[in-house]
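Since the structure comes first, as structure tokens, the remarks are kept for the end.
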Amino acid sequence: MISKNELKYIKSLKLKKYRAREKKFLVEGIKNVSELLKSDFEVDYLICTKEYSHLFSQFHIVVSRDQLQAISTLKTNETCLAVAKIKSFRKETIDFSDHVIILDQVSDPGNLGTIVRSLDWFGFSQLILSPDSADFYNPKTIASTMGSFTRLKPFYVDLRSLLRDRNENIYGLTLDGENVSAVEINEPSIFVLGSESHGISKALGDLISKELTIPGPGRAESLNVAVATSILLYQLRLNKR
């Protein structure tokens with residue numbers, strides 16, 4: 001059984017201020033919950049409907065579909081939901097031995113989740129974000145990762161203070177840079193991507209070593225940031241072959 005107060009507490013985690021206060025977040029759906037249970041995340045609650053309870057060998061709480069839907073952020077959730085403890089990572093542990101991807105003011109949680117999934121696909125294990133970027137533990141972000149959130153470390157840091165102390169090449173993806181496929185990048189480097197609306201912030205402009213672009217013959221104003229990141233990651237891994 002689960003109490004009304006517990007259901008209220010779980011429902012509150014839809015909001016960032018409660019996730020920040022409680023250091024907990026929601027994971028929803030079979031795929032994401034299954035990946036969560038295989039990871040080293042600490043799980044507080046595992047909730048499911050009777051129809052799906054046979055999928056979980058460890059302790060779980062069975063609720064009605066209506067109860068699950070009331071605490072879920074998904075339009076339809078008839079399967080499961082978990083509450084897990086948020087991990088925090090120190091700036092000092094950022095690994096610069098491989099290429100580093102930085103998101104500057106990327107505020108859409110769906111885009112962030114897709115980027116996390118792409119990073120995981122291409123073998124990256126970390127992501128650096130400006131403090132005003134989307135919340136890594138937003139339910140929409142987690143849902144979009146399809147389980148990849150369990151294998152990626154997010155670092156929210158002041159980007160200017162981080163970048164001004166680095167010796168690596170710092171590349172910025174813009175609309176007016178050099179063709180990314182024509183630039184030879186052999187050493188671990190840093191790549192900054194900004195929001196579709198504002199691009200890379202002016203505060204970082206003087207720290208960018210070279211601007212790169214993904215050229216296209218069409219007439220669209222710009223590429224979606226998640227799509228652009230995926231193309232960049234493919235190109236970087238292609239260069240390492």
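Please note that chains go A, B, ... in the order of the structure tokens, that every chain numbers its residues from 1, and that ligands are numbered from 1 in the order shown.
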
Go through stretch 32-133 of chain A residue by residue and, counting only C-alpha atoms, keep those with an atom at most 9 Å from stretch 183-197 of chain A; for each kept residue give the shortest atom pair and its distance in Å to one decimal, ordered by chain and increasing number, as CSV.
residue,atom,partner,partner_atom,distance
A:Phe96,CA,A:Pro188,CA,7.0
A:Ser97,CA,A:Pro188,CA,6.2
A:Asp98,CA,A:Pro188,CA,4.9
A:His99,CA,A:Pro188,CA,4.6
A:Val100,CA,A:Ile190,CA,4.8
A:Ile101,CA,A:Phe191,CA,5.0
A:Ile102,CA,A:Val192,CA,4.7
A:Leu103,CA,A:Leu193,CA,5.1
A:Asp104,CA,A:Gly194,CA,4.7
A:Gln105,CA,A:Ser195,CA,5.7
A:Val106,CA,A:Ser195,CA,4.7
A:Ser107,CA,A:Ser195,CA,7.3
A:Asp108,CA,A:Ser195,CA,8.8

Give me the residues near stretch 118-123 of chain A as a list of chain:residue names, where near means some atom within 7 Å (using only C-alpha atoms) and where sequence neighbours in that chain fewer than 2 positions away do not count.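 Those residues are A:Thr114, A:Ile115, A:Val116, A:Ser125, A:Ser148, A:Arg151, A:Ser230, A:Leu233.
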
Could you pull the residues within 6 Å of stretch 19-29 of chain A, counting only C-alpha atoms, minus those fewer than 3 positions along the same chain, as a list in words?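 The contact residues come out as Leu13, Lys16, Asn32, Val33, Cys80, Leu81, Ala82, Val83, Ala84, Lys85 and Ile86 of chain A.
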
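Atom to atom, atom CA of A:Glu51 and atom CA of A:Arg117 stand 28.7 Å apart.
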
Shell around A:Ile30 at 10 Å using only C-alpha atoms, local window under 6 positions removed, as a PyMOL selection string: chain A and resi 36+48+52+55+77-81+146-147

Distance of atom CA of A:Ile170 from atom CA of A:Tyr156, expressed in Å to one decimal place: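 Computed distance, atom CA of A:Tyr156 to atom CA of A:Ile170, equals 17.9 Å.
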
Taking 4 positions as the minimum chain separation for residues in the same chain, which residues sit within 12 Å of A:Lys4 when counting only C-alpha atoms? Answer as a PyMOL selection string. chain A and resi 8-11+63+67+70-71

Stretch 35-234 of chain A: which residues are strand (DSSP E or B) by DSSP, as a PyMOL selection string? chain A and resi 43-49+61-63+80-85+100-104+126-129+153-156+170-179+190-195+199+210-213

For a test of reading the model, state the distance in Å between atom CA of A:Leu112 and atom CA of A:Asp44, rounded to one decimal. 24.9 Å

Between A:Glu221, A:Arg166, A:Ile214, A:Arg160, which has the minimum distance to A:Ile200 (counting only C-alpha atoms)? A:Arg160

If you run DSSP on the backbone, which residues of stretch 52-173 of chain A are helix (DSSP H, G or I), as JSON, numbers by chain? {"A": [52, 53, 54, 55, 65, 66, 67, 68, 69, 70, 71, 91, 92, 93, 109, 110, 111, 112, 113, 114, 115, 116, 117, 118, 119, 120, 121, 139, 140, 141, 142, 143, 144, 145, 148, 149, 150, 151, 159, 160, 161, 162, 163]}
